[in-house]
2 protein chains.
Amino acid sequence: MHVVVVYDTAQERNPRILRTCRRYLHHVQRSVFEGQLSPAQLRRFQADVNELIDHSSDHVIVYTLPPGTQLVRHTLGSDKPAPSDIL
Amino acid sequence: MHVVVVYDTAQERNPRILRTCRRYLHHVQRSVFEGQLSPAQLRRFQADVNELIDHSSDHVIVYTLPPGTQLVRHTLGSDKPAPSDIL
């Protein structure tokens, strides 16, 4: 299924959440990742994220779309790569 | 149609993009908005955003889903309101 992840985590945890997201998904914008995951991969991804975030202050949204759903993406502004793709 | 907007803009433009997004959508996370827009509203929103961003450095993604599409949202971590809802 298609997955979009957006996160707002404390700065000290950003590198770890970034690495976790990159293991599963593509970086499309600062704090935004996208990709195709199986239900099992999605469960593992969510378990990994749950382990590393601080549940009292961090916030992560995982949007999922059923297979075959058409998600249209309009991009406004710069076409520069996401920050981690430059490194 | 259902719309999800994520933005990464320079700090000095954040208040204006925030205000523009709030005129059309609900604030669900820092730099993330959601809502239902008609095609005409979506065009106006995109035109408003296009006018205020710096196209050489800011980046805005507008995801749209056809009416009736089921977008599932899993939230991990804090349930605190989005930053602007506290102000």
# chains A, B, ... in the order shown; residues from 1 in each chain; ligands from 1
>>> calpha_fit_and_write(fixed="chain B", moving="chain A", output="mmCIF file with N, CA, C and O atoms, in the first residue's frame")
data_model
loop_
_atom_site.group_PDB
_atom_site.id
_atom_site.type_symbol
_atom_site.label_atom_id
_atom_site.label_comp_id
_atom_site.auth_asym_id
_atom_site.auth_seq_id
_atom_site.Cartn_x
_atom_site.Cartn_y
_atom_site.Cartn_z
ATOM 1 N N MET A 1 -12.678 17.289 -2.625
ATOM 2 C CA MET A 1 -11.693 16.209 -2.521
ATOM 3 C C MET A 1 -10.873 16.388 -1.257
ATOM 4 O O MET A 1 -10.776 17.487 -0.723
ATOM 5 N N HIS A 2 -10.291 15.280 -0.787
ATOM 6 C CA HIS A 2 -9.461 15.369 0.418
ATOM 7 C C HIS A 2 -8.064 15.858 0.038
ATOM 8 O O HIS A 2 -7.488 15.402 -0.946
ATOM 9 N N VAL A 3 -7.567 16.789 0.838
ATOM 10 C CA VAL A 3 -6.272 17.416 0.548
ATOM 11 C C VAL A 3 -5.379 17.335 1.788
ATOM 12 O O VAL A 3 -5.843 17.563 2.909
ATOM 13 N N VAL A 4 -4.120 16.980 1.568
ATOM 14 C CA VAL A 4 -3.106 17.023 2.631
ATOM 15 C C VAL A 4 -1.975 17.918 2.124
ATOM 16 O O VAL A 4 -1.480 17.722 1.012
ATOM 17 N N VAL A 5 -1.596 18.895 2.935
ATOM 18 C CA VAL A 5 -0.539 19.830 2.534
ATOM 19 C C VAL A 5 0.597 19.757 3.533
ATOM 20 O O VAL A 5 0.368 19.797 4.752
ATOM 21 N N VAL A 6 1.815 19.608 3.032
ATOM 22 C CA VAL A 6 3.012 19.650 3.883
ATOM 23 C C VAL A 6 3.944 20.700 3.297
ATOM 24 O O VAL A 6 4.126 20.773 2.093
ATOM 25 N N TYR A 7 4.512 21.525 4.164
ATOM 26 C CA TYR A 7 5.377 22.577 3.625
ATOM 27 C C TYR A 7 6.681 22.682 4.397
ATOM 28 O O TYR A 7 6.763 22.359 5.581
ATOM 29 N N ASP A 8 7.682 23.143 3.682
ATOM 30 C CA ASP A 8 8.997 23.408 4.267
ATOM 31 C C ASP A 8 9.424 24.763 3.704
ATOM 32 O O ASP A 8 9.948 24.852 2.602
ATOM 33 N N THR A 9 9.108 25.806 4.473
ATOM 34 C CA THR A 9 9.390 27.160 3.997
ATOM 35 C C THR A 9 10.351 27.844 4.965
ATOM 36 O O THR A 9 10.495 27.424 6.108
ATOM 37 N N ALA A 10 10.997 28.911 4.473
ATOM 38 C CA ALA A 10 11.923 29.650 5.336
ATOM 39 C C ALA A 10 11.149 30.246 6.510
ATOM 40 O O ALA A 10 9.978 30.632 6.370
ATOM 41 N N GLN A 11 11.849 30.327 7.640
ATOM 42 C CA GLN A 11 11.194 30.738 8.888
ATOM 43 C C GLN A 11 10.429 32.057 8.750
ATOM 44 O O GLN A 11 9.337 32.202 9.305
ATOM 45 N N GLU A 12 10.995 32.984 7.984
ATOM 46 C CA GLU A 12 10.345 34.303 7.908
ATOM 47 C C GLU A 12 9.018 34.246 7.148
ATOM 48 O O GLU A 12 8.196 35.150 7.284
ATOM 49 N N ARG A 13 8.815 33.209 6.345
ATOM 50 C CA ARG A 13 7.546 33.098 5.621
ATOM 51 C C ARG A 13 6.558 32.143 6.308
ATOM 52 O O ARG A 13 5.402 32.047 5.912
ATOM 53 N N ASN A 14 7.017 31.455 7.356
ATOM 54 C CA ASN A 14 6.129 30.495 8.023
ATOM 55 C C ASN A 14 4.820 31.100 8.525
ATOM 56 O O ASN A 14 3.761 30.495 8.343
ATOM 57 N N PRO A 15 4.832 32.281 9.155
ATOM 58 C CA PRO A 15 3.545 32.819 9.636
ATOM 59 C C PRO A 15 2.549 33.047 8.505
ATOM 60 O O PRO A 15 1.350 32.794 8.670
ATOM 61 N N ARG A 16 3.020 33.498 7.358
ATOM 62 C CA ARG A 16 2.089 33.768 6.254
ATOM 63 C C ARG A 16 1.556 32.479 5.638
ATOM 64 O O ARG A 16 0.370 32.380 5.317
ATOM 65 N N ILE A 17 2.431 31.494 5.481
ATOM 66 C CA ILE A 17 1.940 30.233 4.905
ATOM 67 C C ILE A 17 1.002 29.551 5.895
ATOM 68 O O ILE A 17 -0.013 28.959 5.514
ATOM 69 N N LEU A 18 1.315 29.693 7.183
ATOM 70 C CA LEU A 18 0.451 29.133 8.216
ATOM 71 C C LEU A 18 -0.943 29.758 8.133
ATOM 72 O O LEU A 18 -1.966 29.056 8.137
ATOM 73 N N ARG A 19 -0.992 31.075 8.041
ATOM 74 C CA ARG A 19 -2.292 31.757 7.971
ATOM 75 C C ARG A 19 -3.063 31.345 6.715
ATOM 76 O O ARG A 19 -4.274 31.144 6.748
ATOM 77 N N THR A 20 -2.349 31.240 5.605
ATOM 78 C CA THR A 20 -3.005 30.847 4.350
ATOM 79 C C THR A 20 -3.582 29.440 4.463
ATOM 80 O O THR A 20 -4.735 29.202 4.088
ATOM 81 N N CYS A 21 -2.792 28.526 4.977
ATOM 82 C CA CYS A 21 -3.277 27.145 5.120
ATOM 83 C C CYS A 21 -4.487 27.088 6.054
ATOM 84 O O CYS A 21 -5.449 26.364 5.797
ATOM 85 N N ARG A 22 -4.448 27.876 7.136
ATOM 86 C CA ARG A 22 -5.555 27.847 8.098
ATOM 87 C C ARG A 22 -6.849 28.406 7.517
ATOM 88 O O ARG A 22 -7.932 28.114 8.013
ATOM 89 N N ARG A 23 -6.736 29.231 6.508
ATOM 90 C CA ARG A 23 -7.958 29.748 5.880
ATOM 91 C C ARG A 23 -8.711 28.637 5.133
ATOM 92 O O ARG A 23 -9.914 28.716 4.925
ATOM 93 N N TYR A 24 -7.985 27.606 4.712
ATOM 94 C CA TYR A 24 -8.590 26.570 3.876
ATOM 95 C C TYR A 24 -8.694 25.203 4.568
ATOM 96 O O TYR A 24 -9.542 24.397 4.191
ATOM 97 N N LEU A 25 -7.797 24.939 5.519
ATOM 98 C CA LEU A 25 -7.600 23.562 5.980
ATOM 99 C C LEU A 25 -7.457 23.491 7.500
ATOM 100 O O LEU A 25 -7.374 24.521 8.172
ATOM 101 N N HIS A 26 -7.407 22.268 8.012
ATOM 102 C CA HIS A 26 -7.208 22.043 9.449
ATOM 103 C C HIS A 26 -5.740 21.720 9.725
ATOM 104 O O HIS A 26 -5.113 20.959 8.984
ATOM 105 N N HIS A 27 -5.248 22.255 10.834
ATOM 106 C CA HIS A 27 -3.852 22.054 11.204
ATOM 107 C C HIS A 27 -3.729 20.729 11.954
ATOM 108 O O HIS A 27 -4.318 20.573 13.016
ATOM 109 N N VAL A 28 -3.003 19.777 11.417
ATOM 110 C CA VAL A 28 -2.915 18.472 12.068
ATOM 111 C C VAL A 28 -1.534 18.183 12.654
ATOM 112 O O VAL A 28 -1.379 17.283 13.480
ATOM 113 N N GLN A 29 -0.551 18.925 12.222
ATOM 114 C CA GLN A 29 0.806 18.779 12.776
ATOM 115 C C GLN A 29 1.582 19.994 12.312
ATOM 116 O O GLN A 29 1.199 20.628 11.319
ATOM 117 N N ARG A 30 2.697 20.297 13.000
ATOM 118 C CA ARG A 30 3.534 21.407 12.533
ATOM 119 C C ARG A 30 3.803 21.221 11.035
ATOM 120 O O ARG A 30 4.290 20.171 10.619
ATOM 121 N N SER A 31 3.457 22.201 10.220
ATOM 122 C CA SER A 31 3.694 22.189 8.771
ATOM 123 C C SER A 31 2.843 21.188 7.996
ATOM 124 O O SER A 31 3.153 20.860 6.849
ATOM 125 N N VAL A 32 1.787 20.657 8.618
ATOM 126 C CA VAL A 32 0.914 19.698 7.935
ATOM 127 C C VAL A 32 -0.549 20.112 8.137
ATOM 128 O O VAL A 32 -0.986 20.332 9.267
ATOM 129 N N PHE A 33 -1.271 20.211 7.037
ATOM 130 C CA PHE A 33 -2.686 20.594 7.078
ATOM 131 C C PHE A 33 -3.495 19.589 6.270
ATOM 132 O O PHE A 33 -2.986 18.990 5.317
ATOM 133 N N GLU A 34 -4.776 19.479 6.641
ATOM 134 C CA GLU A 34 -5.684 18.557 5.949
ATOM 135 C C GLU A 34 -7.045 19.190 5.803
ATOM 136 O O GLU A 34 -7.430 20.020 6.639
ATOM 137 N N GLY A 35 -7.800 18.741 4.825
ATOM 138 C CA GLY A 35 -9.178 19.190 4.727
ATOM 139 C C GLY A 35 -9.821 18.785 3.424
ATOM 140 O O GLY A 35 -9.213 18.094 2.595
ATOM 141 N N GLN A 36 -11.061 19.206 3.281
ATOM 142 C CA GLN A 36 -11.834 18.948 2.068
ATOM 143 C C GLN A 36 -11.917 20.247 1.280
ATOM 144 O O GLN A 36 -12.344 21.274 1.818
ATOM 145 N N LEU A 37 -11.512 20.218 0.025
ATOM 146 C CA LEU A 37 -11.593 21.403 -0.831
ATOM 147 C C LEU A 37 -12.275 21.041 -2.139
ATOM 148 O O LEU A 37 -12.103 19.934 -2.656
ATOM 149 N N SER A 38 -13.011 21.995 -2.663
ATOM 150 C CA SER A 38 -13.549 21.829 -4.013
ATOM 151 C C SER A 38 -12.418 22.108 -5.001
ATOM 152 O O SER A 38 -11.402 22.717 -4.630
ATOM 153 N N PRO A 39 -12.560 21.711 -6.255
ATOM 154 C CA PRO A 39 -11.522 22.038 -7.243
ATOM 155 C C PRO A 39 -11.236 23.537 -7.312
ATOM 156 O O PRO A 39 -10.079 23.954 -7.432
ATOM 157 N N ALA A 40 -12.290 24.377 -7.194
ATOM 158 C CA ALA A 40 -12.081 25.835 -7.257
ATOM 159 C C ALA A 40 -11.302 26.319 -6.033
ATOM 160 O O ALA A 40 -10.404 27.161 -6.142
ATOM 161 N N GLN A 41 -11.639 25.801 -4.855
ATOM 162 C CA GLN A 41 -10.915 26.180 -3.638
ATOM 163 C C GLN A 41 -9.451 25.746 -3.727
ATOM 164 O O GLN A 41 -8.551 26.465 -3.303
ATOM 165 N N LEU A 42 -9.243 24.550 -4.273
ATOM 166 C CA LEU A 42 -7.869 24.059 -4.411
ATOM 167 C C LEU A 42 -7.062 24.971 -5.329
ATOM 168 O O LEU A 42 -5.909 25.310 -5.032
ATOM 169 N N ARG A 43 -7.670 25.408 -6.412
ATOM 170 C CA ARG A 43 -6.955 26.319 -7.327
ATOM 171 C C ARG A 43 -6.616 27.635 -6.629
ATOM 172 O O ARG A 43 -5.507 28.154 -6.763
ATOM 173 N N ARG A 44 -7.580 28.176 -5.858
ATOM 174 C CA ARG A 44 -7.313 29.431 -5.143
ATOM 175 C C ARG A 44 -6.226 29.241 -4.088
ATOM 176 O O ARG A 44 -5.345 30.080 -3.924
ATOM 177 N N PHE A 45 -6.299 28.132 -3.372
ATOM 178 C CA PHE A 45 -5.293 27.852 -2.343
ATOM 179 C C PHE A 45 -3.899 27.781 -2.977
ATOM 180 O O PHE A 45 -2.942 28.402 -2.492
ATOM 181 N N GLN A 46 -3.779 27.044 -4.065
ATOM 182 C CA GLN A 46 -2.475 26.900 -4.718
ATOM 183 C C GLN A 46 -1.980 28.241 -5.269
ATOM 184 O O GLN A 46 -0.784 28.543 -5.200
ATOM 185 N N ALA A 47 -2.906 29.042 -5.779
ATOM 186 C CA ALA A 47 -2.514 30.365 -6.288
ATOM 187 C C ALA A 47 -2.015 31.237 -5.134
ATOM 188 O O ALA A 47 -1.007 31.940 -5.256
ATOM 189 N N ASP A 48 -2.714 31.189 -3.990
ATOM 190 C CA ASP A 48 -2.295 31.975 -2.823
ATOM 191 C C ASP A 48 -0.908 31.535 -2.344
ATOM 192 O O ASP A 48 -0.049 32.365 -2.032
ATOM 193 N N VAL A 49 -0.702 30.222 -2.283
ATOM 194 C CA VAL A 49 0.599 29.712 -1.819
ATOM 195 C C VAL A 49 1.690 30.096 -2.812
ATOM 196 O O VAL A 49 2.781 30.539 -2.414
ATOM 197 N N ASN A 50 1.393 29.955 -4.088
ATOM 198 C CA ASN A 50 2.381 30.298 -5.116
ATOM 199 C C ASN A 50 2.834 31.750 -5.021
ATOM 200 O O ASN A 50 3.988 32.062 -5.310
ATOM 201 N N GLU A 51 1.912 32.614 -4.598
ATOM 202 C CA GLU A 51 2.257 34.042 -4.507
ATOM 203 C C GLU A 51 3.178 34.346 -3.342
ATOM 204 O O GLU A 51 3.945 35.301 -3.397
ATOM 205 N N LEU A 52 3.077 33.560 -2.274
ATOM 206 C CA LEU A 52 3.824 33.968 -1.082
ATOM 207 C C LEU A 52 5.116 33.206 -0.852
ATOM 208 O O LEU A 52 5.954 33.634 -0.053
ATOM 209 N N ILE A 53 5.314 32.072 -1.535
ATOM 210 C CA ILE A 53 6.556 31.332 -1.296
ATOM 211 C C ILE A 53 7.692 31.849 -2.177
ATOM 212 O O ILE A 53 7.459 32.508 -3.198
ATOM 213 N N ASP A 54 8.905 31.556 -1.737
ATOM 214 C CA ASP A 54 10.092 31.808 -2.546
ATOM 215 C C ASP A 54 10.371 30.519 -3.325
ATOM 216 O O ASP A 54 10.729 29.486 -2.739
ATOM 217 N N HIS A 55 10.194 30.589 -4.641
ATOM 218 C CA HIS A 55 10.269 29.372 -5.451
ATOM 219 C C HIS A 55 11.681 28.807 -5.565
ATOM 220 O O HIS A 55 11.863 27.699 -6.053
ATOM 221 N N SER A 56 12.671 29.562 -5.128
ATOM 222 C CA SER A 56 14.036 29.042 -5.208
ATOM 223 C C SER A 56 14.414 28.252 -3.959
ATOM 224 O O SER A 56 15.398 27.517 -3.965
ATOM 225 N N SER A 57 13.645 28.401 -2.885
ATOM 226 C CA SER A 57 14.068 27.719 -1.653
ATOM 227 C C SER A 57 12.928 27.027 -0.903
ATOM 228 O O SER A 57 13.168 26.045 -0.199
ATOM 229 N N ASP A 58 11.704 27.523 -1.004
ATOM 230 C CA ASP A 58 10.588 26.898 -0.272
ATOM 231 C C ASP A 58 10.052 25.699 -1.048
ATOM 232 O O ASP A 58 10.214 25.614 -2.272
ATOM 233 N N HIS A 59 9.387 24.815 -0.335
ATOM 234 C CA HIS A 59 8.888 23.585 -0.949
ATOM 235 C C HIS A 59 7.552 23.225 -0.299
ATOM 236 O O HIS A 59 7.456 23.116 0.917
ATOM 237 N N VAL A 60 6.533 23.064 -1.133
ATOM 238 C CA VAL A 60 5.197 22.736 -0.639
ATOM 239 C C VAL A 60 4.667 21.559 -1.459
ATOM 240 O O VAL A 60 4.729 21.581 -2.692
ATOM 241 N N ILE A 61 4.172 20.542 -0.773
ATOM 242 C CA ILE A 61 3.546 19.413 -1.468
ATOM 243 C C ILE A 61 2.055 19.423 -1.132
ATOM 244 O O ILE A 61 1.672 19.513 0.031
ATOM 245 N N VAL A 62 1.241 19.335 -2.173
ATOM 246 C CA VAL A 62 -0.214 19.258 -2.014
ATOM 247 C C VAL A 62 -0.649 17.883 -2.537
ATOM 248 O O VAL A 62 -0.564 17.615 -3.733
ATOM 249 N N TYR A 63 -1.062 17.014 -1.620
ATOM 250 C CA TYR A 63 -1.574 15.699 -2.009
ATOM 251 C C TYR A 63 -3.088 15.806 -2.146
ATOM 252 O O TYR A 63 -3.763 16.368 -1.272
ATOM 253 N N THR A 64 -3.622 15.256 -3.225
ATOM 254 C CA THR A 64 -5.081 15.226 -3.373
ATOM 255 C C THR A 64 -5.542 13.802 -3.649
ATOM 256 O O THR A 64 -4.855 13.023 -4.316
ATOM 257 N N LEU A 65 -6.704 13.514 -3.093
ATOM 258 C CA LEU A 65 -7.314 12.190 -3.287
ATOM 259 C C LEU A 65 -8.681 12.376 -3.901
ATOM 260 O O LEU A 65 -9.426 13.279 -3.504
ATOM 261 N N PRO A 66 -9.050 11.509 -4.836
ATOM 262 C CA PRO A 66 -10.379 11.613 -5.445
ATOM 263 C C PRO A 66 -11.456 11.463 -4.367
ATOM 264 O O PRO A 66 -11.243 10.768 -3.366
ATOM 265 N N PRO A 67 -12.622 12.111 -4.561
ATOM 266 C CA PRO A 67 -13.707 11.982 -3.591
ATOM 267 C C PRO A 67 -14.041 10.508 -3.354
ATOM 268 O O PRO A 67 -14.029 9.709 -4.286
ATOM 269 N N GLY A 68 -14.306 10.185 -2.103
ATOM 270 C CA GLY A 68 -14.662 8.803 -1.783
ATOM 271 C C GLY A 68 -13.486 7.917 -1.444
ATOM 272 O O GLY A 68 -13.656 6.789 -0.991
ATOM 273 N N THR A 69 -12.266 8.416 -1.681
ATOM 274 C CA THR A 69 -11.093 7.607 -1.368
ATOM 275 C C THR A 69 -10.889 7.553 0.135
ATOM 276 O O THR A 69 -11.032 8.553 0.831
ATOM 277 N N GLN A 70 -10.563 6.373 0.612
ATOM 278 C CA GLN A 70 -10.352 6.227 2.042
ATOM 279 C C GLN A 70 -8.883 6.435 2.386
ATOM 280 O O GLN A 70 -8.020 5.638 2.011
ATOM 281 N N LEU A 71 -8.611 7.535 3.082
ATOM 282 C CA LEU A 71 -7.265 7.803 3.571
ATOM 283 C C LEU A 71 -7.254 7.454 5.045
ATOM 284 O O LEU A 71 -8.026 7.997 5.828
ATOM 285 N N VAL A 72 -6.401 6.507 5.422
ATOM 286 C CA VAL A 72 -6.349 6.090 6.830
ATOM 287 C C VAL A 72 -5.176 6.804 7.497
ATOM 288 O O VAL A 72 -4.085 6.859 6.944
ATOM 289 N N ARG A 73 -5.437 7.362 8.672
ATOM 290 C CA ARG A 73 -4.390 8.084 9.383
ATOM 291 C C ARG A 73 -4.087 7.404 10.718
ATOM 292 O O ARG A 73 -4.968 7.282 11.556
ATOM 293 N N HIS A 74 -2.850 6.929 10.890
ATOM 294 C CA HIS A 74 -2.402 6.375 12.162
ATOM 295 C C HIS A 74 -1.530 7.436 12.823
ATOM 296 O O HIS A 74 -0.589 7.921 12.197
ATOM 297 N N THR A 75 -1.823 7.767 14.048
ATOM 298 C CA THR A 75 -1.011 8.755 14.753
ATOM 299 C C THR A 75 -0.186 8.062 15.832
ATOM 300 O O THR A 75 -0.721 7.297 16.638
ATOM 301 N N LEU A 76 1.113 8.316 15.823
ATOM 302 C CA LEU A 76 2.005 7.769 16.851
ATOM 303 C C LEU A 76 2.517 8.927 17.693
ATOM 304 O O LEU A 76 2.851 9.990 17.173
ATOM 305 N N GLY A 77 2.589 8.715 18.977
ATOM 306 C CA GLY A 77 3.141 9.744 19.867
ATOM 307 C C GLY A 77 2.074 10.633 20.428
ATOM 308 O O GLY A 77 0.913 10.242 20.553
ATOM 309 N N SER A 78 2.504 11.850 20.734
ATOM 310 C CA SER A 78 1.679 12.808 21.455
ATOM 311 C C SER A 78 0.379 13.145 20.737
ATOM 312 O O SER A 78 0.336 13.258 19.513
ATOM 313 N N ASP A 79 -0.661 13.348 21.524
ATOM 314 C CA ASP A 79 -1.936 13.799 20.965
ATOM 315 C C ASP A 79 -2.135 15.287 21.152
ATOM 316 O O ASP A 79 -3.254 15.777 21.031
ATOM 317 N N LYS A 80 -1.056 15.986 21.482
ATOM 318 C CA LYS A 80 -1.187 17.425 21.712
ATOM 319 C C LYS A 80 -1.661 18.114 20.434
ATOM 320 O O LYS A 80 -1.357 17.661 19.333
ATOM 321 N N PRO A 81 -2.383 19.221 20.567
ATOM 322 C CA PRO A 81 -2.843 19.921 19.373
ATOM 323 C C PRO A 81 -1.675 20.474 18.571
ATOM 324 O O PRO A 81 -0.574 20.624 19.105
ATOM 325 N N ALA A 82 -1.942 20.732 17.320
ATOM 326 C CA ALA A 82 -0.924 21.370 16.483
ATOM 327 C C ALA A 82 -0.568 22.728 17.089
ATOM 328 O O ALA A 82 -1.386 23.344 17.772
ATOM 329 N N PRO A 83 0.677 23.203 16.858
ATOM 330 C CA PRO A 83 1.159 24.417 17.515
ATOM 331 C C PRO A 83 0.211 25.606 17.400
ATOM 332 O O PRO A 83 -0.026 26.304 18.380
ATOM 333 N N SER A 84 -0.366 25.818 16.235
ATOM 334 C CA SER A 84 -1.169 27.027 16.075
ATOM 335 C C SER A 84 -2.483 26.935 16.835
ATOM 336 O O SER A 84 -3.141 27.926 17.088
ATOM 337 N N ASP A 85 -2.908 25.714 17.169
ATOM 338 C CA ASP A 85 -4.166 25.566 17.886
ATOM 339 C C ASP A 85 -4.021 25.945 19.350
ATOM 340 O O ASP A 85 -5.004 26.144 20.054
ATOM 341 N N ILE A 86 -2.786 26.017 19.835
ATOM 342 C CA ILE A 86 -2.550 26.380 21.231
ATOM 343 C C ILE A 86 -2.629 27.895 21.382
ATOM 344 O O ILE A 86 -3.040 28.412 22.406
ATOM 345 N N LEU A 87 -2.237 28.607 20.350
ATOM 346 C CA LEU A 87 -2.158 30.070 20.446
ATOM 347 C C LEU A 87 -3.537 30.706 20.562
ATOM 348 O O LEU A 87 -4.513 30.161 20.089
#
>>> select_by_dssp(residues="segment 27-73 of chain B", states="strand (DSSP E or B)", output="ChimeraX atom specification")
/B:27-29,32-36,59-65,72-73
>>> write_last_selection(atoms="N, CA, C and O atoms", output="PDB file, in the first residue's frame")
ATOM      1  N   HIS B  27      -5.237  22.259  10.842  1.00  0.00           N
ATOM      2  CA  HIS B  27      -3.843  22.069  11.211  1.00  0.00           C
ATOM      3  C   HIS B  27      -3.727  20.746  11.967  1.00  0.00           C
ATOM      4  O   HIS B  27      -4.296  20.587  13.037  1.00  0.00           O
ATOM      5  N   VAL B  28      -2.995  19.783  11.417  1.00  0.00           N
ATOM      6  CA  VAL B  28      -2.913  18.468  12.062  1.00  0.00           C
ATOM      7  C   VAL B  28      -1.538  18.184  12.652  1.00  0.00           C
ATOM      8  O   VAL B  28      -1.383  17.281  13.474  1.00  0.00           O
ATOM      9  N   GLN B  29      -0.542  18.921  12.210  1.00  0.00           N
ATOM     10  CA  GLN B  29       0.812  18.777  12.772  1.00  0.00           C
ATOM     11  C   GLN B  29       1.588  20.001  12.299  1.00  0.00           C
ATOM     12  O   GLN B  29       1.215  20.626  11.302  1.00  0.00           O
ATOM     13  N   VAL B  32       1.785  20.660   8.620  1.00  0.00           N
ATOM     14  CA  VAL B  32       0.910  19.699   7.937  1.00  0.00           C
ATOM     15  C   VAL B  32      -0.547  20.114   8.136  1.00  0.00           C
ATOM     16  O   VAL B  32      -0.985  20.337   9.272  1.00  0.00           O
ATOM     17  N   PHE B  33      -1.271  20.211   7.038  1.00  0.00           N
ATOM     18  CA  PHE B  33      -2.677  20.590   7.075  1.00  0.00           C
ATOM     19  C   PHE B  33      -3.495  19.597   6.264  1.00  0.00           C
ATOM     20  O   PHE B  33      -2.979  18.986   5.325  1.00  0.00           O
ATOM     21  N   GLU B  34      -4.774  19.484   6.632  1.00  0.00           N
ATOM     22  CA  GLU B  34      -5.681  18.561   5.942  1.00  0.00           C
ATOM     23  C   GLU B  34      -7.047  19.189   5.804  1.00  0.00           C
ATOM     24  O   GLU B  34      -7.440  20.007   6.651  1.00  0.00           O
ATOM     25  N   GLY B  35      -7.787  18.739   4.817  1.00  0.00           N
ATOM     26  CA  GLY B  35      -9.174  19.183   4.721  1.00  0.00           C
ATOM     27  C   GLY B  35      -9.813  18.779   3.414  1.00  0.00           C
ATOM     28  O   GLY B  35      -9.205  18.092   2.591  1.00  0.00           O
ATOM     29  N   GLN B  36     -11.056  19.207   3.266  1.00  0.00           N
ATOM     30  CA  GLN B  36     -11.824  18.949   2.055  1.00  0.00           C
ATOM     31  C   GLN B  36     -11.915  20.251   1.262  1.00  0.00           C
ATOM     32  O   GLN B  36     -12.340  21.274   1.803  1.00  0.00           O
ATOM     33  N   HIS B  59       9.379  24.821  -0.324  1.00  0.00           N
ATOM     34  CA  HIS B  59       8.882  23.586  -0.938  1.00  0.00           C
ATOM     35  C   HIS B  59       7.549  23.229  -0.295  1.00  0.00           C
ATOM     36  O   HIS B  59       7.459  23.107   0.920  1.00  0.00           O
ATOM     37  N   VAL B  60       6.529  23.069  -1.120  1.00  0.00           N
ATOM     38  CA  VAL B  60       5.194  22.735  -0.626  1.00  0.00           C
ATOM     39  C   VAL B  60       4.661  21.562  -1.451  1.00  0.00           C
ATOM     40  O   VAL B  60       4.726  21.590  -2.680  1.00  0.00           O
ATOM     41  N   ILE B  61       4.169  20.546  -0.766  1.00  0.00           N
ATOM     42  CA  ILE B  61       3.539  19.418  -1.467  1.00  0.00           C
ATOM     43  C   ILE B  61       2.049  19.425  -1.129  1.00  0.00           C
ATOM     44  O   ILE B  61       1.667  19.512   0.037  1.00  0.00           O
ATOM     45  N   VAL B  62       1.235  19.336  -2.179  1.00  0.00           N
ATOM     46  CA  VAL B  62      -0.220  19.258  -2.017  1.00  0.00           C
ATOM     47  C   VAL B  62      -0.655  17.893  -2.540  1.00  0.00           C
ATOM     48  O   VAL B  62      -0.568  17.624  -3.735  1.00  0.00           O
ATOM     49  N   TYR B  63      -1.066  17.020  -1.618  1.00  0.00           N
ATOM     50  CA  TYR B  63      -1.573  15.707  -2.007  1.00  0.00           C
ATOM     51  C   TYR B  63      -3.080  15.806  -2.155  1.00  0.00           C
ATOM     52  O   TYR B  63      -3.760  16.367  -1.273  1.00  0.00           O
ATOM     53  N   THR B  64      -3.621  15.250  -3.229  1.00  0.00           N
ATOM     54  CA  THR B  64      -5.077  15.226  -3.379  1.00  0.00           C
ATOM     55  C   THR B  64      -5.537  13.805  -3.647  1.00  0.00           C
ATOM     56  O   THR B  64      -4.844  13.022  -4.310  1.00  0.00           O
ATOM     57  N   LEU B  65      -6.693  13.502  -3.101  1.00  0.00           N
ATOM     58  CA  LEU B  65      -7.304  12.187  -3.303  1.00  0.00           C
ATOM     59  C   LEU B  65      -8.681  12.372  -3.912  1.00  0.00           C
ATOM     60  O   LEU B  65      -9.413  13.279  -3.510  1.00  0.00           O
ATOM     61  N   VAL B  72      -6.398   6.509   5.424  1.00  0.00           N
ATOM     62  CA  VAL B  72      -6.351   6.097   6.823  1.00  0.00           C
ATOM     63  C   VAL B  72      -5.189   6.811   7.496  1.00  0.00           C
ATOM     64  O   VAL B  72      -4.084   6.862   6.946  1.00  0.00           O
ATOM     65  N   ARG B  73      -5.435   7.363   8.666  1.00  0.00           N
ATOM     66  CA  ARG B  73      -4.395   8.082   9.384  1.00  0.00           C
ATOM     67  C   ARG B  73      -4.095   7.400  10.710  1.00  0.00           C
ATOM     68  O   ARG B  73      -4.966   7.274  11.561  1.00  0.00           O
TER      69      ARG B  73
END
>>> select_by_dssp(residues="chain A", states="alpha helix (DSSP H)", output="count of residues only")
29
